[in-house]
file input02.pdb (PDB, C-alpha atoms, pLDDT in the B column)
MODEL        1
ATOM      1  CA  MET Z 109       9.432   7.119  15.798  1.00 77.00           C
ATOM      2  CA  LYS Z 110      12.354   7.896  13.557  1.00 85.00           C
ATOM      3  CA  VAL Z 111      13.578   4.323  13.882  1.00 88.00           C
ATOM      4  CA  GLN Z 112      10.243   2.975  12.658  1.00 91.00           C
ATOM      5  CA  GLY Z 113      10.169   5.534   9.849  1.00 93.00           C
ATOM      6  CA  TRP Z 114      13.636   4.561   8.633  1.00 94.00           C
ATOM      7  CA  LEU Z 115      12.680   0.891   8.887  1.00 96.00           C
ATOM      8  CA  PHE Z 116       9.691   1.372   6.589  1.00 97.00           C
ATOM      9  CA  LEU Z 117      11.685   3.536   4.160  1.00 97.00           C
ATOM     10  CA  LEU Z 118      14.419   0.895   3.941  1.00 97.00           C
ATOM     11  CA  CYS Z 119      11.775  -1.804   3.435  1.00 97.00           C
ATOM     12  CA  GLY Z 120      10.369   0.308   0.603  1.00 97.00           C
ATOM     13  CA  LEU Z 121      13.809   0.461  -1.028  1.00 97.00           C
ATOM     14  CA  PHE Z 122      14.197  -3.299  -0.625  1.00 97.00           C
ATOM     15  CA  PHE Z 123      10.753  -3.921  -2.123  1.00 97.00           C
ATOM     16  CA  ALA Z 124      11.627  -1.618  -5.039  1.00 97.00           C
ATOM     17  CA  GLY Z 125      14.810  -3.584  -5.737  1.00 97.00           C
ATOM     18  CA  VAL Z 126      12.964  -6.883  -5.535  1.00 96.00           C
ATOM     19  CA  ASP Z 127      10.230  -5.504  -7.798  1.00 95.00           C
ATOM     20  CA  VAL Z 128      12.720  -4.514 -10.501  1.00 94.00           C
ATOM     21  CA  ALA Z 129      14.543  -7.851 -10.206  1.00 94.00           C
ATOM     22  CA  TYR Z 130      11.217  -9.718 -10.404  1.00 93.00           C
ATOM     23  CA  TRP Z 131      10.196  -7.798 -13.503  1.00 91.00           C
ATOM     24  CA  PHE Z 132      13.502  -8.555 -15.249  1.00 90.00           C
ATOM     25  CA  TRP Z 133      13.383 -12.204 -14.164  1.00 91.00           C
ATOM     26  CA  THR Z 134       9.863 -12.771 -15.483  1.00 89.00           C
ATOM     27  CA  LYS Z 135      10.694 -10.837 -18.659  1.00 87.00           C
ATOM     28  CA  ALA Z 136      13.739 -13.051 -19.271  1.00 83.00           C
ATOM     29  CA  SER Z 137      11.885 -16.304 -18.661  1.00 79.00           C
ATOM     30  CA  THR Z 138       8.602 -15.534 -20.453  1.00 77.00           C
ATOM     31  CA  GLY Z 139       9.592 -12.802 -22.877  1.00 77.00           C
ATOM     32  CA  VAL Z 140       7.035 -10.432 -21.332  1.00 78.00           C
ATOM     33  CA  GLY Z 141       7.079  -9.009 -17.833  1.00 74.00           C
ATOM     34  CA  GLU Z 142       4.472 -10.534 -15.524  1.00 84.00           C
ATOM     35  CA  PRO Z 143       2.165  -7.585 -14.760  1.00 87.00           C
ATOM     36  CA  VAL Z 144       0.209  -8.837 -11.738  1.00 91.00           C
ATOM     37  CA  GLY Z 145       3.135  -9.625  -9.449  1.00 90.00           C
ATOM     38  CA  THR Z 146       5.049  -6.557 -10.555  1.00 91.00           C
ATOM     39  CA  THR Z 147       2.052  -4.342  -9.851  1.00 94.00           C
ATOM     40  CA  ALA Z 148       1.441  -5.958  -6.450  1.00 94.00           C
ATOM     41  CA  MET Z 149       5.046  -5.375  -5.432  1.00 95.00           C
ATOM     42  CA  ALA Z 150       4.917  -1.808  -6.743  1.00 96.00           C
ATOM     43  CA  ILE Z 151       1.899  -1.217  -4.503  1.00 97.00           C
ATOM     44  CA  SER Z 152       3.931  -2.644  -1.597  1.00 97.00           C
ATOM     45  CA  VAL Z 153       6.680  -0.135  -2.398  1.00 97.00           C
ATOM     46  CA  GLY Z 154       4.138   2.691  -2.330  1.00 97.00           C
ATOM     47  CA  PHE Z 155       2.611   1.537   0.955  1.00 97.00           C
ATOM     48  CA  ALA Z 156       6.014   1.177   2.640  1.00 97.00           C
ATOM     49  CA  PHE Z 157       7.073   4.664   1.518  1.00 97.00           C
ATOM     50  CA  MET Z 158       3.725   6.119   2.573  1.00 97.00           C
ATOM     51  CA  VAL Z 159       3.943   4.675   6.100  1.00 97.00           C
ATOM     52  CA  GLY Z 160       7.631   5.602   6.370  1.00 96.00           C
ATOM     53  CA  TYR Z 161       6.928   9.182   5.319  1.00 96.00           C
ATOM     54  CA  TYR Z 162       4.047   9.439   7.798  1.00 96.00           C
ATOM     55  CA  LEU Z 163       6.193   8.144  10.663  1.00 94.00           C
ATOM     56  CA  MET Z 164       9.081  10.482   9.802  1.00 93.00           C
ATOM     57  CA  PHE Z 165       6.714  13.459   9.479  1.00 94.00           C
ATOM     58  CA  THR Z 166       5.045  12.625  12.806  1.00 91.00           C
ATOM     59  CA  ALA Z 167       8.405  12.136  14.525  1.00 89.00           C
ATOM     60  CA  ARG Z 168       9.506  15.588  13.385  1.00 90.00           C
ATOM     61  CA  ARG Z 169       6.243  17.107  14.598  1.00 90.00           C
ATOM     62  CA  ILE Z 170       6.085  15.535  18.090  1.00 87.00           C
ATOM     63  CA  GLY Z 171       9.803  15.528  18.885  1.00 83.00           C
ATOM     64  CA  PRO Z 172      12.102  12.785  20.155  1.00 81.00           C
ATOM     65  CA  GLN Z 173      10.507   9.732  21.744  1.00 83.00           C
ATOM     66  CA  PRO Z 174      12.059   7.262  24.232  1.00 82.00           C
ATOM     67  CA  GLU Z 175      12.497   4.651  21.489  1.00 80.00           C
ATOM     68  CA  ASP Z 176      14.738   7.081  19.580  1.00 80.00           C
ATOM     69  CA  ASN Z 177      17.203   7.289  22.481  1.00 83.00           C
ATOM     70  CA  LYS Z 178      19.761   4.465  22.445  1.00 84.00           C
ATOM     71  CA  GLN Z 179      20.431   4.894  26.179  1.00 88.00           C
ATOM     72  CA  ALA Z 180      16.744   4.836  27.213  1.00 84.00           C
ATOM     73  CA  ASP Z 181      15.276   2.407  29.718  1.00 86.00           C
ATOM     74  CA  ILE Z 182      11.949   0.643  29.400  1.00 83.00           C
ATOM     75  CA  SER Z 183      10.569   2.842  32.185  1.00 85.00           C
ATOM     76  CA  ASP Z 184      11.165   5.946  30.019  1.00 83.00           C
ATOM     77  CA  GLY Z 185       8.214   4.927  27.881  1.00 80.00           C
ATOM     78  CA  ALA Z 186       5.889   4.519  30.877  1.00 82.00           C
ATOM     79  CA  GLY Z 187       2.820   6.648  31.343  1.00 81.00           C
ATOM     80  CA  GLU Z 188      -0.434   7.180  29.566  1.00 80.00           C
ATOM     81  CA  ILE Z 189      -0.262   6.055  25.948  1.00 75.00           C
ATOM     82  CA  GLY Z 190      -3.828   6.759  24.926  1.00 76.00           C
ATOM     83  CA  PHE Z 191      -7.413   5.627  25.264  1.00 77.00           C
ATOM     84  CA  PHE Z 192      -8.258   2.051  24.351  1.00 77.00           C
ATOM     85  CA  SER Z 193     -11.813   0.815  24.158  1.00 77.00           C
ATOM     86  CA  PRO Z 194     -12.697  -1.565  27.008  1.00 78.00           C
ATOM     87  CA  SER Z 195     -15.206  -3.407  24.830  1.00 83.00           C
ATOM     88  CA  SER Z 196     -17.019  -2.581  21.655  1.00 87.00           C
ATOM     89  CA  TRP Z 197     -19.449  -4.478  19.450  1.00 90.00           C
ATOM     90  CA  TRP Z 198     -19.295  -1.902  16.661  1.00 92.00           C
ATOM     91  CA  PRO Z 199     -16.347  -3.418  14.763  1.00 94.00           C
ATOM     92  CA  LEU Z 200     -18.323  -6.657  14.446  1.00 96.00           C
ATOM     93  CA  PHE Z 201     -21.414  -4.816  13.185  1.00 97.00           C
ATOM     94  CA  LEU Z 202     -19.298  -2.803  10.759  1.00 97.00           C
ATOM     95  CA  CYS Z 203     -17.669  -5.934   9.325  1.00 97.00           C
ATOM     96  CA  LEU Z 204     -21.009  -7.700   8.983  1.00 98.00           C
ATOM     97  CA  ALA Z 205     -22.495  -4.665   7.238  1.00 98.00           C
ATOM     98  CA  ALA Z 206     -19.483  -4.449   4.898  1.00 97.00           C
ATOM     99  CA  ALA Z 207     -19.806  -8.163   4.087  1.00 98.00           C
ATOM    100  CA  PHE Z 208     -23.501  -7.616   3.351  1.00 97.00           C
ATOM    101  CA  ALA Z 209     -22.659  -4.686   1.071  1.00 97.00           C
ATOM    102  CA  PHE Z 210     -19.941  -6.631  -0.765  1.00 97.00           C
ATOM    103  CA  ALA Z 211     -22.351  -9.527  -1.244  1.00 97.00           C
ATOM    104  CA  GLY Z 212     -24.664  -6.959  -2.800  1.00 96.00           C
ATOM    105  CA  PHE Z 213     -22.226  -6.642  -5.701  1.00 91.00           C
ATOM    106  CA  VAL Z 214     -22.935 -10.286  -6.519  1.00 94.00           C
ATOM    107  CA  ILE Z 215     -26.629 -10.578  -5.595  1.00 95.00           C
ATOM    108  CA  GLY Z 216     -28.047  -7.288  -6.750  1.00 95.00           C
ATOM    109  CA  PHE Z 217     -27.918  -3.521  -6.544  1.00 95.00           C
ATOM    110  CA  TRP Z 218     -30.825  -3.404  -4.059  1.00 96.00           C
ATOM    111  CA  MET Z 219     -28.803  -5.491  -1.588  1.00 97.00           C
ATOM    112  CA  PHE Z 220     -25.778  -3.247  -2.070  1.00 97.00           C
ATOM    113  CA  LEU Z 221     -27.860  -0.174  -1.217  1.00 97.00           C
ATOM    114  CA  ILE Z 222     -29.165  -1.810   1.956  1.00 97.00           C
ATOM    115  CA  GLY Z 223     -25.588  -2.833   2.854  1.00 97.00           C
ATOM    116  CA  LEU Z 224     -24.323   0.678   2.191  1.00 97.00           C
ATOM    117  CA  PHE Z 225     -26.968   2.063   4.546  1.00 98.00           C
ATOM    118  CA  LEU Z 226     -25.951  -0.504   7.189  1.00 98.00           C
ATOM    119  CA  VAL Z 227     -22.271   0.388   6.757  1.00 98.00           C
ATOM    120  CA  ILE Z 228     -23.012   4.090   7.252  1.00 98.00           C
ATOM    121  CA  MET Z 229     -25.094   3.368  10.366  1.00 97.00           C
ATOM    122  CA  ALA Z 230     -22.387   1.078  11.800  1.00 97.00           C
ATOM    123  CA  MET Z 231     -19.701   3.695  11.120  1.00 96.00           C
ATOM    124  CA  ILE Z 232     -21.760   6.337  12.907  1.00 95.00           C
ATOM    125  CA  GLY Z 233     -22.215   3.975  15.853  1.00 92.00           C
ATOM    126  CA  PHE Z 234     -18.511   3.139  15.882  1.00 92.00           C
ATOM    127  CA  VAL Z 235     -17.406   6.772  15.829  1.00 90.00           C
ATOM    128  CA  PHE Z 236     -19.920   8.054  18.391  1.00 89.00           C
ATOM    129  CA  GLN Z 237     -20.011   5.068  20.777  1.00 87.00           C
ATOM    130  CA  TYR Z 238     -18.497   7.045  23.660  1.00 84.00           C
ATOM    131  CA  TYR Z 239     -20.808  10.027  23.402  1.00 84.00           C
ATOM    132  CA  ARG Z 240     -23.721   8.176  25.071  1.00 76.00           C
ATOM    133  CA  GLY Z 241     -24.139   5.389  27.574  1.00 72.00           C
ATOM    134  CA  ASN Z 242     -21.883   3.978  30.291  1.00 72.00           C
ATOM    135  CA  PHE Z 243     -18.562   5.086  28.802  1.00 67.00           C
ATOM    136  CA  SER Z 244     -19.481   8.653  27.823  1.00 68.00           C
ATOM    137  CA  HIS Z 245     -17.128  11.391  29.013  1.00 62.00           C
TER     138      HIS Z 245
ENDMDL
END

call {"tool": "encode", "arguments": {"input": "input02.pdb", "output": "structure tokens"}}
result
Amino acid sequence: MKVQGWLFLLCGLFFAGVDVAYWFWTKASTGVGEPVGTTAMAISVGFAFMVGYYLMFTARRIGPQPEDNKQADISDGAGEIGFFSPSSWWPLFLCLAAAFAFAGFVIGFWMFLIGLFLVIMAMIGFVFQYYRGNFSH
């Protein structure tokens, strides 16, 4: 995981350099720095550093992984990785409910409240889908 962490941290440094260069370039050509692109790239810098920090912190907590060893084979990473859902309809319901709620911003507050209720119900279903039914433990 350290390799991925360093990759994201280096991407964050690259994005920061590009962001500063972009700000100076737009300031030189227009006389004022272009705020939208500069802000978007600054957010990219923050996201890259956030993910890089998380990966480095997690790598320190869980110890060395096979991908950190330069002499590792592919078979070193074999074994159980985690639990992956065999099939789930809840992501679809959650996205539809979120779209309904976002449309409520345009249509009216009453529609937003209904959408918010649907989003909460879909999130509950998504989180607790393996506590009941065929795939419960």

call {"tool": "closest_residue", "arguments": {"input": "input02.pdb", "among": "Z:Met164, Z:Phe116, Z:Gly154, Z:Ala129", "to": "Glu142 of chain Z", "atoms": "only C-alpha atoms"}}
result
Z:Ala129

call {"tool": "atom_distance", "arguments": {"input": "input02.pdb", "atom1": "atom CA of Met158 of chain Z", "atom2": "atom CA of Trp131 of chain Z"}}
result
22.2 Å

call {"tool": "atom_distance", "arguments": {"input": "input02.pdb", "atom1": "atom CA of Gly190 of chain Z", "atom2": "atom CA of Gln173 of chain Z"}}
result
15.0 Å

call {"tool": "atom_distance", "arguments": {"input": "input02.pdb", "atom1": "atom CA of Leu224 of chain Z", "atom2": "atom CA of Gly212 of chain Z"}}
result
9.1 Å

call {"tool": "resolve_selection", "arguments": {"input": "input02.pdb", "expression": "the PyMOL selection byres ((chain Z and resi 228) around 12)", "output": "ChimeraX atom specification"}}
result
/Z:198,201-203,205-206,209,221-227,229-235

call {"tool": "write_last_selection", "arguments": {"input": "input02.pdb", "atoms": "C-alpha atoms", "output": "tab-separated table (two decimals), in the coordinates of the input"}}
result
chain	number	residue	atom	x	y	z
Z	198	TRP	CA	-19.30	-1.90	16.66
Z	201	PHE	CA	-21.41	-4.82	13.18
Z	202	LEU	CA	-19.30	-2.80	10.76
Z	203	CYS	CA	-17.67	-5.93	9.32
Z	205	ALA	CA	-22.50	-4.66	7.24
Z	206	ALA	CA	-19.48	-4.45	4.90
Z	209	ALA	CA	-22.66	-4.69	1.07
Z	221	LEU	CA	-27.86	-0.17	-1.22
Z	222	ILE	CA	-29.16	-1.81	1.96
Z	223	GLY	CA	-25.59	-2.83	2.85
Z	224	LEU	CA	-24.32	0.68	2.19
Z	225	PHE	CA	-26.97	2.06	4.55
Z	226	LEU	CA	-25.95	-0.50	7.19
Z	227	VAL	CA	-22.27	0.39	6.76
Z	229	MET	CA	-25.09	3.37	10.37
Z	230	ALA	CA	-22.39	1.08	11.80
Z	231	MET	CA	-19.70	3.70	11.12
Z	232	ILE	CA	-21.76	6.34	12.91
Z	233	GLY	CA	-22.22	3.98	15.85
Z	234	PHE	CA	-18.51	3.14	15.88
Z	235	VAL	CA	-17.41	6.77	15.83

call {"tool": "closest_residue", "arguments": {"input": "input02.pdb", "among": "Z:Thr134, Z:Thr166, Z:Ser183, Z:Ser193", "to": "Val111 of chain Z", "atoms": "all atoms listed in the file"}}
result
Z:Thr166

call {"tool": "resolve_selection", "arguments": {"input": "input02.pdb", "expression": "the PyMOL selection byres ((chain Z and resi 155) around 12)", "output": "count of residues only"}}
result
21

call {"tool": "axis_aligned_box", "arguments": {"input": "input02.pdb", "around": "segment 206-225 of chain Z", "padding_each_side": "3 Å", "output": "lines of an AutoDock Vina configuration file"}}
result
center_x = -25.2
center_y = -4.3
center_z = -0.9
size_x = 17.3
size_y = 18.6
size_z = 17.6

call {"tool": "closest_residue", "arguments": {"input": "input02.pdb", "among": "Z:Ala186, Z:Met109, Z:Phe220, Z:Asp127", "to": "Arg169 of chain Z", "atoms": "only C-alpha atoms"}}
result
Z:Met109

call {"tool": "closest_residue", "arguments": {"input": "input02.pdb", "among": "Z:Arg240, Z:Trp114, Z:Trp218, Z:Val126", "to": "Asp176 of chain Z", "atoms": "all atoms listed in the file"}}
result
Z:Trp114
